[in-house]
Amino acid sequence: MLDIKLIRENPEEIVRRLAAKGTDAKDDIARIVELDVQRREMISENEAKKAEQNRATKQIPQMKKEGKDPSPVFVAMKELSAQIKANDEKLAQVEAEYNNLLLGLPNLPDPDLAPGGKENNEPIRYFGEPHHFDFEPKNHVDLCTDLGLIDYKRGTKLSGNGFWIYRGMGARLEWALLNYFIDTHISDGYELVLVPHMLGYECGLTAGQFPKFKDEVYWLETAEDERRRFMLPTAETALVSLHRDEILTEADLPRKYISYTPCFRREAGSYRTDERGMVRGHQFNKVEMVQYTRPEDSDAAFEELVGKAEALVKGLGFHFRTVKLAAADCSASMARTYDIEIHIPSMDGYKEVSSVSNARDYQARRGSIRFKRDGGGATEFVHTLNGSGLATSRILPAIVEQNQNADGSVSVPEVLQKYLGTDILKKD
């Protein structure tokens, strides 16, 4: 969530910056400022009444010792107690509205981002050249079907549209990609963490997906007395809650984590005509990178994560571009995002395979994730960052399309050959 001090001191600036993200927050900000004043006044008033109550309580033994009647004090205490209770109830109502409005605000976009949506995204660099064929190339759906890599028909039979089954060398290719990603990250000093695939509400709240986007995940049916859980949409949702409600030391930072998980998305149900096969699905595999850093280190950490995602894609031999997203195309929780987009020939365009983002202290405030500097002083909120490293459901289609041969076979990228034991995928 946003720092209330920033809102209190310069509400107009907050409204202006959120407008770049496509959010009209003028009324919400005004109401938050109003509720903040009420809240602080009510807290101050209640503290004064409780102090008065404590003073009166201390008078009673002395009055009894002096033979005085304490009845008037008891009456006054009863009135004070009733007033305090009434104020606490009002304060709870004010704080509920106040917190709900604060939690509903998106993160502030970094000042250097272009305002607006996808139309203002800026490609900042390209790597390699688009692949050109001297034969009529196939699309990835036909290639994967012909080579027996993916079973789309039975995937739909088991679970409906948006699902598929990896078969034989297709399953091994998927697993080879995941191993390539994980081995690379571990060699770079990241800790591998295998997290639960079912998470509690607090994880979604900390990540910034809840309460606003709570209907975009798959919720599990549970008994009334059982903790409500949802299927994780990305490992980031779990990893940014690892240190929820903790105070780290400065020596603990940075913390660098990776996690492999399947990811579950409700949003996948809306298909465009070019998004066939595996390009958009309800379940896909991903290796996610997350860092916790000191505030002054988060810009360098962001560039590191972008560089790592780019290096993975380079290692596979792809032509790709890195795109700086405009403010409104960044997700609600993020202050800045770069996408790595690869070229899929049959779509005649680019598809995102990694999204690297800096949340600044937005998630840390929601999850109360702090650290204390070695020299002492007040605790501070960490910065959290995340990046796909990588998602496979668009990597695999790009591999088969970009590396296809005239005879219908597919050449295996060199970095994956040790996992597959072959340099070519072909019909049996």
# chains A, B, ... in the order shown; residues from 1 in each chain; ligands from 1
$ residues_around --residues "segment 150-155 of chain A" --least-positions-apart "5" --cutoff "8 Å" --atoms "only C-alpha atoms" --output "list in words"
Cys144, Thr145, Gly160, Asn161, Phe163, Trp164, Ile165, Tyr166, Arg167, Gly170 and Gly277 of chain A
$ residues_around --residues "Val193 of chain A" --least-positions-apart "6" --cutoff "9 Å" --atoms "only C-alpha atoms" --output "PyMOL selection string"
chain A and resi 239+257-260
$ select_by_dssp --residues "segment 221-420 of chain A" --states "alpha helix (DSSP H)" --output "PyMOL selection string"
chain A and resi 236-239+298-315+362-367+395-402+414-420
$ residues_around --residues "Asp112 of chain A" --least-positions-apart "5" --cutoff "10 Å" --atoms "only C-alpha atoms" --output "number ranges by chain"
A: 326-327, 336
$ write_last_selection --atoms "C-alpha atoms" --output "compact mmCIF listing (two decimals), in the first residue's frame"
# COMPACT_ATOMS: atom_id res chain seq x y z
CA ALA A 326 3.88 2.48 -19.83
CA ALA A 327 2.39 3.29 -16.44
CA ARG A 336 7.89 -0.27 -13.06
$ closest_atom_pairs --of "segment 83-113 of chain A" --to "segment 45-50 of chain A" --cutoff "9 Å" --atoms "only C-alpha atoms" --output "CSV"
residue,atom,partner,partner_atom,distance
A:Gln83,CA,A:Lys49,CA,8.3
A:Ile84,CA,A:Asn46,CA,6.1
A:Asn87,CA,A:Asn46,CA,6.9
A:Asp88,CA,A:Asn46,CA,7.8
$ select_by_dssp --residues "segment 40-255 of chain A" --states "strand (DSSP E or B)" --output "JSON, numbers by chain"
{"A": [122, 123, 124, 125, 126, 127, 150, 151, 165, 166, 191, 192, 198, 199, 200, 218, 219, 229, 230, 231, 247, 248, 249, 255]}
$ closest_atom_pairs --of "segment 72-139 of chain A" --to "segment 6-29 of chain A" --cutoff "10 Å" --atoms "only C-alpha atoms" --output "JSON lines"
{"residue": "A:Tyr98", "atom": "CA", "partner": "A:Asp28", "partner_atom": "CA", "distance": 9.6}
{"residue": "A:Leu101", "atom": "CA", "partner": "A:Asp28", "partner_atom": "CA", "distance": 6.7}
{"residue": "A:Leu102", "atom": "CA", "partner": "A:Asp28", "partner_atom": "CA", "distance": 8.5}
{"residue": "A:Gly104", "atom": "CA", "partner": "A:Asp28", "partner_atom": "CA", "distance": 9.2}
{"residue": "A:Leu105", "atom": "CA", "partner": "A:Ala25", "partner_atom": "CA", "distance": 7.8}
{"residue": "A:Pro106", "atom": "CA", "partner": "A:Leu18", "partner_atom": "CA", "distance": 7.6}
{"residue": "A:Asn107", "atom": "CA", "partner": "A:Leu18", "partner_atom": "CA", "distance": 7.8}
{"residue": "A:Leu108", "atom": "CA", "partner": "A:Leu18", "partner_atom": "CA", "distance": 6.0}
{"residue": "A:Pro109", "atom": "CA", "partner": "A:Arg17", "partner_atom": "CA", "distance": 6.7}
{"residue": "A:Asp110", "atom": "CA", "partner": "A:Arg17", "partner_atom": "CA", "distance": 8.5}
{"residue": "A:Pro111", "atom": "CA", "partner": "A:Arg17", "partner_atom": "CA", "distance": 7.7}
{"residue": "A:Leu113", "atom": "CA", "partner": "A:Ala20", "partner_atom": "CA", "distance": 8.6}
{"residue": "A:Ala114", "atom": "CA", "partner": "A:Ala20", "partner_atom": "CA", "distance": 7.7}
{"residue": "A:Pro115", "atom": "CA", "partner": "A:Ala20", "partner_atom": "CA", "distance": 4.4}
{"residue": "A:Gly116", "atom": "CA", "partner": "A:Ala20", "partner_atom": "CA", "distance": 5.9}
{"residue": "A:Gly117", "atom": "CA", "partner": "A:Lys21", "partner_atom": "CA", "distance": 7.7}
$ write_last_selection --atoms "C-alpha atoms" --output "PDB file, in the first residue's frame"
ATOM      1  CA  TYR A  98      -9.671   3.877   5.753  1.00  0.00           C
ATOM      2  CA  LEU A 101      -9.500   2.547   0.559  1.00  0.00           C
ATOM      3  CA  LEU A 102      -5.733   2.389   1.131  1.00  0.00           C
ATOM      4  CA  GLY A 104      -7.551  -0.485  -3.038  1.00  0.00           C
ATOM      5  CA  LEU A 105      -5.056   2.080  -4.337  1.00  0.00           C
ATOM      6  CA  PRO A 106      -2.539   0.825  -6.916  1.00  0.00           C
ATOM      7  CA  ASN A 107       1.170   1.459  -6.589  1.00  0.00           C
ATOM      8  CA  LEU A 108       2.613   4.748  -7.798  1.00  0.00           C
ATOM      9  CA  PRO A 109       4.302   4.398 -11.201  1.00  0.00           C
ATOM     10  CA  ASP A 110       7.913   5.537 -11.339  1.00  0.00           C
ATOM     11  CA  PRO A 111       8.148   9.144 -12.609  1.00  0.00           C
ATOM     12  CA  LEU A 113       7.316   5.946 -17.144  1.00  0.00           C
ATOM     13  CA  ALA A 114       5.182   7.121 -20.038  1.00  0.00           C
ATOM     14  CA  PRO A 115       1.542   7.657 -19.018  1.00  0.00           C
ATOM     15  CA  GLY A 116      -1.198   5.544 -20.555  1.00  0.00           C
ATOM     16  CA  GLY A 117      -1.449   1.930 -21.677  1.00  0.00           C
TER      17      GLY A 117
END
$ residues_around --residues "segment 181-189 of chain A" --least-positions-apart "3" --cutoff "9 Å" --atoms "only C-alpha atoms" --output "MDAnalysis selection string"
chainID A and resid 176:178 192 256:260 287 289 308 312 389:390
$ residues_around --residues "segment 341-350 of chain A" --least-positions-apart "4" --cutoff "10 Å" --atoms "only C-alpha atoms" --output "PyMOL selection string"
chain A and resi 123+126-127+129-133+137-141+273-276+279+310+313+318-323+354-355+394-395+397-402
$ atom_distance --atom1 "atom CA of Ala96 of chain A" --atom2 "atom CA of Leu199 of chain A"
23.8 Å
$ residues_around --residues "segment 206-209 of chain A" --least-positions-apart "6" --cutoff "8 Å" --atoms "only C-alpha atoms" --output "PyMOL selection string"
chain A and resi 1+103+236-237+240-241+244+332-333+363-364+366-367
$ write_last_selection --atoms "C-alpha atoms" --output "JSON list (two decimals), in the first residue's frame"
[["chain", "number", "residue", "atom", "x", "y", "z"],
["A", 1, "MET", "CA", 0.00, 0.00, 0.00],
["A", 103, "LEU", "CA", -5.58, -1.27, 0.11],
["A", 236, "GLU", "CA", 5.56, -14.46, -6.56],
["A", 237, "THR", "CA", 2.34, -14.52, -4.53],
["A", 240, "VAL", "CA", 6.71, -12.16, -1.26],
["A", 241, "SER", "CA", 4.96, -13.49, 1.84],
["A", 244, "ARG", "CA", 5.53, -11.33, 6.08],
["A", 332, "ALA", "CA", -1.54, -2.57, -9.91],
["A", 333, "SER", "CA", 1.22, -3.58, -7.47],
["A", 363, "GLN", "CA", 4.10, -5.03, -1.03],
["A", 364, "ALA", "CA", 6.31, -4.70, 2.04],
["A", 366, "ARG", "CA", 0.97, -4.52, 2.95],
["A", 367, "GLY", "CA", 2.85, -7.46, 4.48]]
$ closest_residue --among "A:Ser368, A:Gln417, A:Gln283, A:Leu220" --to "Glu202 of chain A" --atoms "only C-alpha atoms"
A:Ser368
$ closest_residue --among "A:Leu396, A:Arg294, A:Ser71, A:Asn100" --to "Thr379 of chain A" --atoms "only C-alpha atoms"
A:Arg294
$ atom_distance --atom1 "atom CA of Arg265 of chain A" --atom2 "atom CA of Ala223 of chain A"
23.3 Å
$ closest_residue --among "A:Tyr362, A:Trp219, A:Tyr338, A:Tyr419" --to "Asn179 of chain A" --atoms "only C-alpha atoms"
A:Tyr419
